[in-house]
file query29.pdb (PDB, C-alpha atoms, pLDDT in the B column)
ATOM      1  CA  MET A  17      40.225  10.634  58.691  1.00 38.00           C
ATOM      2  CA  GLN A  18      41.005  14.339  58.632  1.00 62.00           C
ATOM      3  CA  ALA A  19      43.134  15.814  61.420  1.00 79.00           C
ATOM      4  CA  LYS A  20      41.380  17.910  64.062  1.00 90.00           C
ATOM      5  CA  PRO A  21      41.640  21.621  63.236  1.00 94.00           C
ATOM      6  CA  LYS A  22      43.938  23.640  65.483  1.00 95.00           C
ATOM      7  CA  ASN A  23      42.456  27.006  64.507  1.00 96.00           C
ATOM      8  CA  ILE A  24      39.613  28.523  62.531  1.00 97.00           C
ATOM      9  CA  ASP A  25      41.612  28.821  59.316  1.00 97.00           C
ATOM     10  CA  GLU A  26      42.345  25.073  59.388  1.00 96.00           C
ATOM     11  CA  TYR A  27      38.650  24.366  59.980  1.00 97.00           C
ATOM     12  CA  LEU A  28      37.571  26.534  57.035  1.00 97.00           C
ATOM     13  CA  ALA A  29      40.237  25.363  54.545  1.00 96.00           C
ATOM     14  CA  PRO A  30      38.562  22.123  53.357  1.00 96.00           C
ATOM     15  CA  LEU A  31      35.065  23.627  53.007  1.00 97.00           C
ATOM     16  CA  SER A  32      33.488  24.575  49.694  1.00 96.00           C
ATOM     17  CA  ARG A  33      34.197  28.103  48.513  1.00 96.00           C
ATOM     18  CA  GLU A  34      30.580  29.118  49.256  1.00 96.00           C
ATOM     19  CA  LYS A  35      30.499  27.756  52.813  1.00 97.00           C
ATOM     20  CA  ARG A  36      33.956  29.140  53.556  1.00 97.00           C
ATOM     21  CA  ALA A  37      32.885  32.611  52.350  1.00 97.00           C
ATOM     22  CA  ALA A  38      29.659  32.516  54.397  1.00 97.00           C
ATOM     23  CA  LEU A  39      31.497  31.450  57.556  1.00 98.00           C
ATOM     24  CA  GLU A  40      34.315  33.973  57.025  1.00 98.00           C
ATOM     25  CA  LYS A  41      31.670  36.690  56.837  1.00 98.00           C
ATOM     26  CA  LEU A  42      30.036  35.375  60.037  1.00 98.00           C
ATOM     27  CA  ARG A  43      33.463  35.236  61.718  1.00 98.00           C
ATOM     28  CA  SER A  44      34.048  38.880  60.804  1.00 98.00           C
ATOM     29  CA  MET A  45      30.625  39.926  62.134  1.00 98.00           C
ATOM     30  CA  ILE A  46      31.284  38.158  65.443  1.00 98.00           C
ATOM     31  CA  LYS A  47      34.705  39.834  65.762  1.00 98.00           C
ATOM     32  CA  SER A  48      33.064  43.204  65.135  1.00 97.00           C
ATOM     33  CA  ALA A  49      30.367  42.601  67.761  1.00 97.00           C
ATOM     34  CA  ALA A  50      32.805  41.218  70.364  1.00 97.00           C
ATOM     35  CA  PRO A  51      36.255  42.696  69.684  1.00 97.00           C
ATOM     36  CA  ARG A  52      37.702  41.412  72.995  1.00 96.00           C
ATOM     37  CA  ALA A  53      36.689  37.819  72.246  1.00 97.00           C
ATOM     38  CA  GLU A  54      39.414  35.352  71.282  1.00 97.00           C
ATOM     39  CA  GLU A  55      39.104  32.799  68.515  1.00 98.00           C
ATOM     40  CA  CYS A  56      39.217  29.139  69.494  1.00 97.00           C
ATOM     41  CA  ILE A  57      38.274  25.649  68.459  1.00 97.00           C
ATOM     42  CA  SER A  58      35.801  24.058  70.865  1.00 95.00           C
ATOM     43  CA  TYR A  59      34.213  20.658  70.266  1.00 92.00           C
ATOM     44  CA  GLN A  60      36.091  20.654  66.935  1.00 94.00           C
ATOM     45  CA  ILE A  61      34.252  23.703  65.572  1.00 96.00           C
ATOM     46  CA  PRO A  62      35.212  27.404  65.465  1.00 98.00           C
ATOM     47  CA  GLY A  63      34.232  29.579  68.365  1.00 98.00           C
ATOM     48  CA  PHE A  64      34.995  32.699  70.328  1.00 98.00           C
ATOM     49  CA  ARG A  65      35.839  32.875  74.019  1.00 97.00           C
ATOM     50  CA  LEU A  66      35.314  35.914  76.206  1.00 96.00           C
ATOM     51  CA  ASP A  67      36.981  36.031  79.600  1.00 93.00           C
ATOM     52  CA  GLY A  68      37.719  32.312  79.361  1.00 92.00           C
ATOM     53  CA  ARG A  69      34.112  31.266  78.596  1.00 95.00           C
ATOM     54  CA  LEU A  70      32.800  30.051  75.265  1.00 97.00           C
ATOM     55  CA  LEU A  71      30.738  32.918  73.876  1.00 97.00           C
ATOM     56  CA  VAL A  72      29.489  31.653  70.494  1.00 98.00           C
ATOM     57  CA  SER A  73      30.517  29.114  67.877  1.00 98.00           C
ATOM     58  CA  PHE A  74      29.736  28.315  64.266  1.00 98.00           C
ATOM     59  CA  GLY A  75      30.296  25.610  61.695  1.00 97.00           C
ATOM     60  CA  ALA A  76      29.334  23.835  58.512  1.00 97.00           C
ATOM     61  CA  ALA A  77      27.253  20.712  58.024  1.00 95.00           C
ATOM     62  CA  ALA A  78      26.497  18.778  54.861  1.00 94.00           C
ATOM     63  CA  ASN A  79      23.445  20.842  53.897  1.00 94.00           C
ATOM     64  CA  HIS A  80      23.756  24.100  55.853  1.00 96.00           C
ATOM     65  CA  CYS A  81      25.887  26.387  57.979  1.00 98.00           C
ATOM     66  CA  ALA A  82      25.154  26.978  61.647  1.00 98.00           C
ATOM     67  CA  PHE A  83      25.621  29.691  64.251  1.00 98.00           C
ATOM     68  CA  HIS A  84      25.516  28.653  67.921  1.00 98.00           C
ATOM     69  CA  PRO A  85      24.835  31.716  70.118  1.00 98.00           C
ATOM     70  CA  GLY A  86      23.135  29.718  72.884  1.00 96.00           C
ATOM     71  CA  ALA A  87      19.531  29.283  73.991  1.00 96.00           C
ATOM     72  CA  HIS A  88      18.955  32.659  75.648  1.00 96.00           C
ATOM     73  CA  PRO A  89      19.856  34.847  72.625  1.00 97.00           C
ATOM     74  CA  ILE A  90      17.705  32.677  70.360  1.00 97.00           C
ATOM     75  CA  GLU A  91      14.728  32.973  72.708  1.00 96.00           C
ATOM     76  CA  ALA A  92      15.280  36.720  73.172  1.00 96.00           C
ATOM     77  CA  HIS A  93      15.297  37.325  69.392  1.00 97.00           C
ATOM     78  CA  LYS A  94      12.869  34.629  68.259  1.00 95.00           C
ATOM     79  CA  ASN A  95      10.827  37.134  66.243  1.00 96.00           C
ATOM     80  CA  ASP A  96      13.929  38.141  64.262  1.00 96.00           C
ATOM     81  CA  LEU A  97      14.700  34.444  63.687  1.00 96.00           C
ATOM     82  CA  ARG A  98      11.267  33.269  62.551  1.00 94.00           C
ATOM     83  CA  ASN A  99      12.517  32.773  58.966  1.00 92.00           C
ATOM     84  CA  TYR A 100      15.422  30.543  60.070  1.00 95.00           C
ATOM     85  CA  ASP A 101      15.567  26.938  61.212  1.00 96.00           C
ATOM     86  CA  THR A 102      16.416  27.087  64.922  1.00 96.00           C
ATOM     87  CA  SER A 103      16.741  24.718  67.842  1.00 95.00           C
ATOM     88  CA  LYS A 104      17.593  25.350  71.485  1.00 93.00           C
ATOM     89  CA  GLY A 105      21.010  26.934  70.889  1.00 94.00           C
ATOM     90  CA  THR A 106      21.494  26.776  67.117  1.00 97.00           C
ATOM     91  CA  ILE A 107      20.499  28.737  64.037  1.00 98.00           C
ATOM     92  CA  ARG A 108      20.860  26.899  60.730  1.00 98.00           C
ATOM     93  CA  PHE A 109      21.141  28.899  57.509  1.00 97.00           C
ATOM     94  CA  GLN A 110      21.889  28.404  53.834  1.00 96.00           C
ATOM     95  CA  VAL A 111      24.889  30.129  52.259  1.00 95.00           C
ATOM     96  CA  GLU A 112      22.596  31.973  49.872  1.00 94.00           C
ATOM     97  CA  ARG A 113      20.556  33.306  52.844  1.00 93.00           C
ATOM     98  CA  PRO A 114      23.131  34.271  55.487  1.00 94.00           C
ATOM     99  CA  LEU A 115      22.414  35.982  58.786  1.00 96.00           C
ATOM    100  CA  SER A 116      22.518  39.775  58.645  1.00 96.00           C
ATOM    101  CA  ALA A 117      25.226  41.729  60.446  1.00 97.00           C
ATOM    102  CA  THR A 118      22.540  43.467  62.528  1.00 97.00           C
ATOM    103  CA  LEU A 119      21.083  40.148  63.666  1.00 97.00           C
ATOM    104  CA  VAL A 120      24.495  38.650  64.495  1.00 98.00           C
ATOM    105  CA  ARG A 121      25.382  41.775  66.492  1.00 98.00           C
ATOM    106  CA  LYS A 122      22.111  41.528  68.472  1.00 97.00           C
ATOM    107  CA  LEU A 123      22.677  37.838  69.221  1.00 98.00           C
ATOM    108  CA  VAL A 124      26.308  38.304  70.290  1.00 98.00           C
ATOM    109  CA  LYS A 125      25.520  41.353  72.439  1.00 97.00           C
ATOM    110  CA  THR A 126      22.670  39.456  74.094  1.00 97.00           C
ATOM    111  CA  ARG A 127      25.067  36.589  74.860  1.00 97.00           C
ATOM    112  CA  ILE A 128      27.625  39.006  76.327  1.00 96.00           C
ATOM    113  CA  ALA A 129      24.911  40.567  78.514  1.00 95.00           C
ATOM    114  CA  GLU A 130      23.771  37.104  79.600  1.00 94.00           C
ATOM    115  CA  TYR A 131      27.301  36.295  80.786  1.00 90.00           C
ATOM    116  CA  ALA A 132      27.652  39.664  82.506  1.00 88.00           C
ATOM    117  CA  ASN A 133      24.533  38.905  84.561  1.00 84.00           C
ATOM    118  CA  LYS A 134      25.718  35.431  85.604  1.00 77.00           C
ATOM    119  CA  LYS A 135      28.270  34.706  88.272  1.00 64.00           C
ATOM    120  CA  PRO A 136      31.148  32.510  87.127  1.00 59.00           C
ATOM    121  CA  PRO A 137      30.859  28.883  88.377  1.00 57.00           C
ATOM    122  CA  ALA A 138      33.622  29.340  90.986  1.00 55.00           C
ATOM    123  CA  ALA A 139      31.827  32.365  92.481  1.00 51.00           C
ATOM    124  CA  LYS A 140      28.572  30.389  92.707  1.00 49.00           C
ATOM    125  CA  ASP A 141      30.312  27.578  94.589  1.00 49.00           C
ATOM    126  CA  ALA A 142      31.951  30.007  97.005  1.00 48.00           C
ATOM    127  CA  ALA A 143      28.608  31.712  97.665  1.00 48.00           C
ATOM    128  CA  ARG A 144      26.961  28.333  98.446  1.00 47.00           C
ATOM    129  CA  ARG A 145      29.663  27.413 100.961  1.00 46.00           C
ATOM    130  CA  ARG A 146      29.046  30.552 103.034  1.00 50.00           C
TER     131      ARG A 146
END
call {"tool": "encode", "arguments": {"input": "query29.pdb", "output": "structure tokens"}}
result
Amino acid sequence: MQAKPKNIDEYLAPLSREKRAALEKLRSMIKSAAPRAEECISYQIPGFRLDGRLLVSFGAAANHCAFHPGAHPIEAHKNDLRNYDTSKGTIRFQVERPLSATLVRKLVKTRIAEYANKKPPAAKDAARRR
């Protein structure tokens, strides 16, 4: 069994050249869209945290790559995603048909806005106790 990756580079290292290149490009697009976000490994896949909260994540599966921006961004941009295989919080894509930088930027910015409009869990609990 392979050791759990400690960082994104360790996660990407064993992947095929094609998947690694596609995910490196996605990683770069996410960094560009959310420069304050910090790289992390969450649930054993690469992700980015913003202000301590998981913002987005991505990974590779046997037959595709995936971007996980969450349910709200996918619903908000469903027309832009009609040519991709999506589920509640995931977009699956083939390495030969990657997500565009414009689309990734829209999805990440929508996720950032979603978080900005939500109170952190601790603030919600404090508000309920009043």
call {"tool": "residues_near_point", "arguments": {"input": "query29.pdb", "point": "(32.6, 29.9, 51.5)", "cutoff": "12 Å", "atoms": "only C-alpha atoms", "output": "PDB file with C-alpha atoms, in the coordinates of the input"}}
result
ATOM      1  CA  ASP A  25      41.612  28.821  59.316  1.00 97.00           C
ATOM      2  CA  TYR A  27      38.650  24.366  59.980  1.00 97.00           C
ATOM      3  CA  LEU A  28      37.571  26.534  57.035  1.00 97.00           C
ATOM      4  CA  ALA A  29      40.237  25.363  54.545  1.00 96.00           C
ATOM      5  CA  PRO A  30      38.562  22.123  53.357  1.00 96.00           C
ATOM      6  CA  LEU A  31      35.065  23.627  53.007  1.00 97.00           C
ATOM      7  CA  SER A  32      33.488  24.575  49.694  1.00 96.00           C
ATOM      8  CA  ARG A  33      34.197  28.103  48.513  1.00 96.00           C
ATOM      9  CA  GLU A  34      30.580  29.118  49.256  1.00 96.00           C
ATOM     10  CA  LYS A  35      30.499  27.756  52.813  1.00 97.00           C
ATOM     11  CA  ARG A  36      33.956  29.140  53.556  1.00 97.00           C
ATOM     12  CA  ALA A  37      32.885  32.611  52.350  1.00 97.00           C
ATOM     13  CA  ALA A  38      29.659  32.516  54.397  1.00 97.00           C
ATOM     14  CA  LEU A  39      31.497  31.450  57.556  1.00 98.00           C
ATOM     15  CA  GLU A  40      34.315  33.973  57.025  1.00 98.00           C
ATOM     16  CA  LYS A  41      31.670  36.690  56.837  1.00 98.00           C
ATOM     17  CA  LEU A  42      30.036  35.375  60.037  1.00 98.00           C
ATOM     18  CA  ARG A  43      33.463  35.236  61.718  1.00 98.00           C
ATOM     19  CA  GLY A  75      30.296  25.610  61.695  1.00 97.00           C
ATOM     20  CA  ALA A  76      29.334  23.835  58.512  1.00 97.00           C
ATOM     21  CA  HIS A  80      23.756  24.100  55.853  1.00 96.00           C
ATOM     22  CA  CYS A  81      25.887  26.387  57.979  1.00 98.00           C
ATOM     23  CA  GLN A 110      21.889  28.404  53.834  1.00 96.00           C
ATOM     24  CA  VAL A 111      24.889  30.129  52.259  1.00 95.00           C
ATOM     25  CA  GLU A 112      22.596  31.973  49.872  1.00 94.00           C
ATOM     26  CA  PRO A 114      23.131  34.271  55.487  1.00 94.00           C
TER      27      PRO A 114
END
call {"tool": "residues_around", "arguments": {"input": "query29.pdb", "residues": "A:Ser73", "least_positions_apart": "3", "cutoff": "7 Å", "atoms": "all atoms listed in the file", "output": "ChimeraX atom specification"}}
result
/A:61-64,83-85
call {"tool": "residues_near_point", "arguments": {"input": "query29.pdb", "point": "(35.8, 31.2, 78.9)", "cutoff": "12 Å", "atoms": "only C-alpha atoms", "output": "list of chain:residue names"}}
result
A:Arg52, A:Ala53, A:Glu54, A:Glu55, A:Cys56, A:Ser58, A:Gly63, A:Phe64, A:Arg65, A:Leu66, A:Asp67, A:Gly68, A:Arg69, A:Leu70, A:Leu71, A:Val72, A:Ile128, A:Tyr131, A:Pro136, A:Pro137
call {"tool": "resolve_selection", "arguments": {"input": "query29.pdb", "expression": "the PyMOL selection byres ((chain A and resi 93-101) around 12)", "output": "PDB file with C-alpha atoms, keeping the file's coordinate frame"}}
result
ATOM      1  CA  HIS A  80      23.756  24.100  55.853  1.00 96.00           C
ATOM      2  CA  CYS A  81      25.887  26.387  57.979  1.00 98.00           C
ATOM      3  CA  ALA A  82      25.154  26.978  61.647  1.00 98.00           C
ATOM      4  CA  PHE A  83      25.621  29.691  64.251  1.00 98.00           C
ATOM      5  CA  PRO A  85      24.835  31.716  70.118  1.00 98.00           C
ATOM      6  CA  GLY A  86      23.135  29.718  72.884  1.00 96.00           C
ATOM      7  CA  ALA A  87      19.531  29.283  73.991  1.00 96.00           C
ATOM      8  CA  HIS A  88      18.955  32.659  75.648  1.00 96.00           C
ATOM      9  CA  PRO A  89      19.856  34.847  72.625  1.00 97.00           C
ATOM     10  CA  ILE A  90      17.705  32.677  70.360  1.00 97.00           C
ATOM     11  CA  GLU A  91      14.728  32.973  72.708  1.00 96.00           C
ATOM     12  CA  ALA A  92      15.280  36.720  73.172  1.00 96.00           C
ATOM     13  CA  THR A 102      16.416  27.087  64.922  1.00 96.00           C
ATOM     14  CA  SER A 103      16.741  24.718  67.842  1.00 95.00           C
ATOM     15  CA  LYS A 104      17.593  25.350  71.485  1.00 93.00           C
ATOM     16  CA  GLY A 105      21.010  26.934  70.889  1.00 94.00           C
ATOM     17  CA  THR A 106      21.494  26.776  67.117  1.00 97.00           C
ATOM     18  CA  ILE A 107      20.499  28.737  64.037  1.00 98.00           C
ATOM     19  CA  ARG A 108      20.860  26.899  60.730  1.00 98.00           C
ATOM     20  CA  PHE A 109      21.141  28.899  57.509  1.00 97.00           C
ATOM     21  CA  GLN A 110      21.889  28.404  53.834  1.00 96.00           C
ATOM     22  CA  ARG A 113      20.556  33.306  52.844  1.00 93.00           C
ATOM     23  CA  PRO A 114      23.131  34.271  55.487  1.00 94.00           C
ATOM     24  CA  LEU A 115      22.414  35.982  58.786  1.00 96.00           C
ATOM     25  CA  SER A 116      22.518  39.775  58.645  1.00 96.00           C
ATOM     26  CA  THR A 118      22.540  43.467  62.528  1.00 97.00           C
ATOM     27  CA  LEU A 119      21.083  40.148  63.666  1.00 97.00           C
ATOM     28  CA  VAL A 120      24.495  38.650  64.495  1.00 98.00           C
ATOM     29  CA  ARG A 121      25.382  41.775  66.492  1.00 98.00           C
ATOM     30  CA  LYS A 122      22.111  41.528  68.472  1.00 97.00           C
ATOM     31  CA  LEU A 123      22.677  37.838  69.221  1.00 98.00           C
ATOM     32  CA  VAL A 124      26.308  38.304  70.290  1.00 98.00           C
ATOM     33  CA  LYS A 125      25.520  41.353  72.439  1.00 97.00           C
ATOM     34  CA  THR A 126      22.670  39.456  74.094  1.00 97.00           C
ATOM     35  CA  ARG A 127      25.067  36.589  74.860  1.00 97.00           C
TER      36      ARG A 127
END
call {"tool": "atom_distance", "arguments": {"input": "query29.pdb", "atom1": "atom CA of A:Ile57", "atom2": "atom CA of A:Asn79"}}
result
21.3 Å
call {"tool": "atom_distance", "arguments": {"input": "query29.pdb", "atom1": "atom CA of A:Ala132", "atom2": "atom CA of A:Lys22"}}
result
28.5 Å
call {"tool": "atom_distance", "arguments": {"input": "query29.pdb", "atom1": "atom CA of A:Lys47", "atom2": "atom CA of A:Ala129"}}
result
16.1 Å
call {"tool": "closest_residue", "arguments": {"input": "query29.pdb", "among": "A:Lys20, A:Ala117, A:Asn133, A:Glu26", "to": "A:Tyr59", "atoms": "all atoms listed in the file"}}
result
A:Lys20
call {"tool": "build_atoms", "arguments": {"input": "query29.pdb", "residues": "stretch 70-82 of chain A", "atoms": "N, CA and C atoms", "output": "CSV table (one decimal), keeping the file's coordinate frame"}}
result
chain,number,residue,atom,x,y,z
A,70,LEU,N,33.2,30.1,76.7
A,70,LEU,CA,32.8,30.1,75.3
A,70,LEU,C,31.6,31.0,75.1
A,71,LEU,N,31.8,31.9,74.1
A,71,LEU,CA,30.7,32.9,73.9
A,71,LEU,C,29.8,32.4,72.8
A,72,VAL,N,30.3,32.2,71.6
A,72,VAL,CA,29.5,31.7,70.5
A,72,VAL,C,30.4,30.7,69.7
A,73,SER,N,29.8,29.9,68.8
A,73,SER,CA,30.5,29.1,67.9
A,73,SER,C,29.7,29.0,66.6
A,74,PHE,N,30.4,28.4,65.6
A,74,PHE,CA,29.7,28.3,64.3
A,74,PHE,C,30.4,27.2,63.5
A,75,GLY,N,29.7,26.7,62.4
A,75,GLY,CA,30.3,25.6,61.7
A,75,GLY,C,29.5,25.3,60.4
A,76,ALA,N,30.0,24.3,59.8
A,76,ALA,CA,29.3,23.8,58.5
A,76,ALA,C,28.9,22.4,58.7
A,77,ALA,N,27.8,22.1,58.1
A,77,ALA,CA,27.3,20.7,58.0
A,77,ALA,C,27.1,20.4,56.5
A,78,ALA,N,26.6,19.2,56.3
A,78,ALA,CA,26.5,18.8,54.9
A,78,ALA,C,25.6,19.7,54.1
A,79,ASN,N,24.4,20.1,54.7
A,79,ASN,CA,23.4,20.8,53.9
A,79,ASN,C,23.2,22.3,54.4
A,80,HIS,N,24.0,22.7,55.3
A,80,HIS,CA,23.8,24.1,55.9
A,80,HIS,C,25.0,24.6,56.6
A,81,CYS,N,24.9,25.8,57.0
A,81,CYS,CA,25.9,26.4,58.0
A,81,CYS,C,25.1,26.6,59.3
A,82,ALA,N,25.8,26.8,60.4
A,82,ALA,CA,25.2,27.0,61.6
A,82,ALA,C,25.9,28.0,62.5
